[in-house]
Amino acid sequence: MSSSSDLDLVPAIATRREDALSGLGKMVSQGLGWARKYSLFQYPFVTACCGMEFMAVAAARYDLDRFGAALPRFSPRQADLLMVVGTINVKQAPILKRVYDSMADPKWVVAFGVCASSGGFYDNYATMQGIDRIIPVDVYIPGCPPRPEQVLDGIMMLQQKIQDQRHQLIGNEPPALPAKG
Amino acid sequence: MSQAALQKLKERFPDAVTQTYVGKGGDDVALVKKEAVAEVCRFLKDDPELQFDMAPYITAADYMGSEPRFDLVYQMYSTKKNHRIRLRVGVPESDPVVASVTPIWKGANWYERYCWDLYGIRFEGHPDPRRLYMYEEFVGHPLRKDYSLRGRQPLMPERTVDEPFRGPGPTGG
């Protein structure tokens, strides 16, 4: 790990919201964050050549398993990390949105490569200029394609981000179901 | 490679084949009139000396400003005789309709859909005249020179991102 992220969780200046959180809630949040950042089940949404780099980084030499993100789930229902690997064009945007919507909370998104991040050099009639035009993105990994080290760095940044987020055991309201009929 | 094929084509269709020449790299090219495409292709496939049995690679080019505006290009190959020729067919913008060669070669199906999708050249008698790449909601033909350079037509609402290094948003530029 790059820093002692497990230890420097408590910020020096407590905000009012953190004051309001009970000590137990804080402990639960930290524990859940710790558990969640080391068990990232990813859904690789692979559309283009970055997929080869994704395979490289997931295979034994660079080994995403060291970060607890080894197991790709091929159903978005079982995943909590959406890795958008490759160019997303306009025709594919509704599919990506649907995949994102069918993932269960909590969920995170990584834009893998410059095409997913900003459209890359595909500045044309068919390509969406970055997936953040339709879904929120947590970590952008630049590169065409990114080096495996960059991907690992991005994963570690995401872990740091997850650890710093506020997690709850209960109280996360499920999204409302659409009305029948 | 196939001057003989070109010669034969010229003798058989003196009216339809307006010009033949040897292009760069030694490709043998024949300029064919639009009305005679189906007839010429049928001949090229069925003639026992020519036997262009493989479906041609069909694409188009847009020479905006000249007449005829479009150029349909058929890259022919014979697996039996191992020779190739290329047909160029001028297509005017006012009447961009050409006879389909899908009844002759089944494999021409997607190439003709491609030309319809990206250049807007319609093929008479095509069994499945849909777009190939773009979605049905798409308006226009993006590889035409007068299509807006980055005219995007999103299928769903997109957030606008104010960033100088990104391309323009959903409405294009």
# chains A, B, ... in the order shown; residues from 1 in each chain; ligands from 1
>>> interface_residues(of="chain A", to="chain B", cutoff="12 Å", atoms="only C-alpha atoms", output="PyMOL selection string")
chain A and resi 88-98+114-136
>>> write_last_selection(atoms="N, CA and C atoms", output="short mmCIF file (atom, residue, chain, number, x, y, z; two decimals), in the first residue's frame")
data_model
loop_
_atom_site.label_atom_id
_atom_site.label_comp_id
_atom_site.auth_asym_id
_atom_site.auth_seq_id
_atom_site.Cartn_x
_atom_site.Cartn_y
_atom_site.Cartn_z
N ILE A 88 -16.79 3.70 -25.43
CA ILE A 88 -18.25 3.57 -25.36
C ILE A 88 -18.83 4.49 -26.42
N ASN A 89 -19.56 3.93 -27.34
CA ASN A 89 -20.14 4.79 -28.36
C ASN A 89 -21.60 5.08 -28.03
N VAL A 90 -22.17 5.93 -28.83
CA VAL A 90 -23.51 6.43 -28.54
C VAL A 90 -24.53 5.30 -28.53
N LYS A 91 -24.31 4.33 -29.41
CA LYS A 91 -25.24 3.22 -29.50
C LYS A 91 -25.20 2.34 -28.26
N GLN A 92 -24.05 2.34 -27.59
CA GLN A 92 -23.88 1.46 -26.45
C GLN A 92 -24.22 2.13 -25.13
N ALA A 93 -24.38 3.43 -25.13
CA ALA A 93 -24.60 4.16 -23.88
C ALA A 93 -25.81 3.65 -23.10
N PRO A 94 -26.95 3.39 -23.74
CA PRO A 94 -28.08 2.88 -22.95
C PRO A 94 -27.80 1.53 -22.29
N ILE A 95 -26.97 0.71 -22.93
CA ILE A 95 -26.63 -0.60 -22.35
C ILE A 95 -25.79 -0.40 -21.09
N LEU A 96 -24.81 0.51 -21.21
CA LEU A 96 -23.95 0.78 -20.05
C LEU A 96 -24.78 1.34 -18.89
N LYS A 97 -25.68 2.24 -19.22
CA LYS A 97 -26.53 2.83 -18.18
C LYS A 97 -27.38 1.75 -17.51
N ARG A 98 -27.85 0.82 -18.31
CA ARG A 98 -28.69 -0.24 -17.76
C ARG A 98 -27.88 -1.18 -16.87
N VAL A 114 -8.29 6.02 -21.70
CA VAL A 114 -8.65 7.40 -22.04
C VAL A 114 -9.97 7.45 -22.81
N CYS A 115 -10.32 6.38 -23.50
CA CYS A 115 -11.58 6.42 -24.25
C CYS A 115 -12.77 6.45 -23.31
N ALA A 116 -12.73 5.62 -22.28
CA ALA A 116 -13.83 5.63 -21.32
C ALA A 116 -13.83 6.93 -20.53
N SER A 117 -12.63 7.49 -20.30
CA SER A 117 -12.57 8.70 -19.48
C SER A 117 -13.06 9.92 -20.23
N SER A 118 -12.66 10.06 -21.49
CA SER A 118 -12.98 11.31 -22.19
C SER A 118 -13.30 11.12 -23.66
N GLY A 119 -13.39 9.92 -24.15
CA GLY A 119 -13.57 9.71 -25.58
C GLY A 119 -12.27 9.53 -26.32
N GLY A 120 -11.17 9.94 -25.71
CA GLY A 120 -9.87 9.74 -26.34
C GLY A 120 -9.76 10.46 -27.66
N PHE A 121 -9.11 9.83 -28.61
CA PHE A 121 -9.00 10.50 -29.91
C PHE A 121 -10.21 10.24 -30.79
N TYR A 122 -11.20 9.52 -30.29
CA TYR A 122 -12.41 9.30 -31.09
C TYR A 122 -13.35 10.48 -30.90
N ASP A 123 -12.98 11.62 -31.47
CA ASP A 123 -13.82 12.81 -31.35
C ASP A 123 -14.68 12.87 -32.61
N ASN A 124 -15.66 11.98 -32.71
CA ASN A 124 -16.40 11.87 -33.97
C ASN A 124 -17.88 11.66 -33.70
N TYR A 125 -18.61 11.33 -34.73
CA TYR A 125 -20.06 11.27 -34.66
C TYR A 125 -20.56 10.10 -33.81
N ALA A 126 -19.76 9.11 -33.55
CA ALA A 126 -20.27 7.88 -32.97
C ALA A 126 -19.91 7.72 -31.50
N THR A 127 -18.92 8.42 -31.00
CA THR A 127 -18.34 8.08 -29.70
C THR A 127 -18.79 9.07 -28.63
N MET A 128 -19.14 8.49 -27.47
CA MET A 128 -19.49 9.33 -26.35
C MET A 128 -18.21 9.88 -25.71
N GLN A 129 -18.23 11.16 -25.37
CA GLN A 129 -17.01 11.82 -24.89
C GLN A 129 -16.88 11.62 -23.39
N GLY A 130 -16.66 10.37 -23.00
CA GLY A 130 -16.49 10.09 -21.58
C GLY A 130 -17.75 9.52 -20.98
N ILE A 131 -17.58 8.44 -20.18
CA ILE A 131 -18.77 7.81 -19.63
C ILE A 131 -19.39 8.63 -18.53
N ASP A 132 -18.65 9.65 -18.02
CA ASP A 132 -19.27 10.44 -16.96
C ASP A 132 -20.37 11.34 -17.50
N ARG A 133 -20.62 11.30 -18.77
CA ARG A 133 -21.80 12.00 -19.29
C ARG A 133 -23.07 11.24 -18.96
N ILE A 134 -22.98 9.95 -18.63
CA ILE A 134 -24.21 9.24 -18.28
C ILE A 134 -24.16 8.58 -16.90
N ILE A 135 -22.99 8.17 -16.41
CA ILE A 135 -22.95 7.56 -15.08
C ILE A 135 -21.84 8.22 -14.28
N PRO A 136 -21.98 8.27 -12.95
CA PRO A 136 -20.91 8.86 -12.15
C PRO A 136 -19.68 7.96 -12.12
#
>>> residues_around(residues="His126 (chain B)", least_positions_apart="5", cutoff="8 Å", atoms="only C-alpha atoms", output="PyMOL selection string")
chain B and resi 100-103+109
>>> select_by_dssp(residues="chain B", states="strand (DSSP E)", output="ChimeraX atom specification")
/B:17-22,28-32,54-62,70-78,83-91,97-99,122-124
>>> select_by_dssp(residues="region 85-165 of chain B", states="alpha helix (DSSP H)", output="short mmCIF file (atom, residue, chain, number, x, y, z; two decimals) with C-alpha atoms, in the first residue's frame")
data_model
loop_
_atom_site.label_atom_id
_atom_site.label_comp_id
_atom_site.auth_asym_id
_atom_site.auth_seq_id
_atom_site.Cartn_x
_atom_site.Cartn_y
_atom_site.Cartn_z
CA ASN B 109 -25.48 -7.96 -48.10
CA TRP B 110 -23.63 -6.16 -45.29
CA TYR B 111 -21.43 -4.14 -47.63
CA GLU B 112 -24.49 -2.65 -49.25
CA ARG B 113 -26.05 -1.97 -45.88
CA TYR B 114 -22.80 -0.26 -44.92
CA CYS B 115 -22.95 2.00 -47.98
CA TRP B 116 -26.54 2.86 -47.22
CA ASP B 117 -25.78 3.57 -43.59
CA LEU B 118 -22.72 5.75 -43.98
CA TYR B 119 -23.11 7.25 -47.47
#
>>> atom_distance(atom1="CA of Gly90 (chain B)", atom2="CA of Lys33 (chain B)")
6.9 Å
>>> residues_around(residues="region 35-50 of chain B", least_positions_apart="3", cutoff="8 Å", atoms="only C-alpha atoms", output="number ranges by chain")
B: 5, 9, 13, 16, 32, 53, 78, 81, 89, 98-101, 104
>>> residues_around(residues="Gly113 (chain A)", least_positions_apart="4", cutoff="7 Å", atoms="only C-alpha atoms", output="VMD selection string")
chain A and resid 50 85 to 86 117 141 to 146
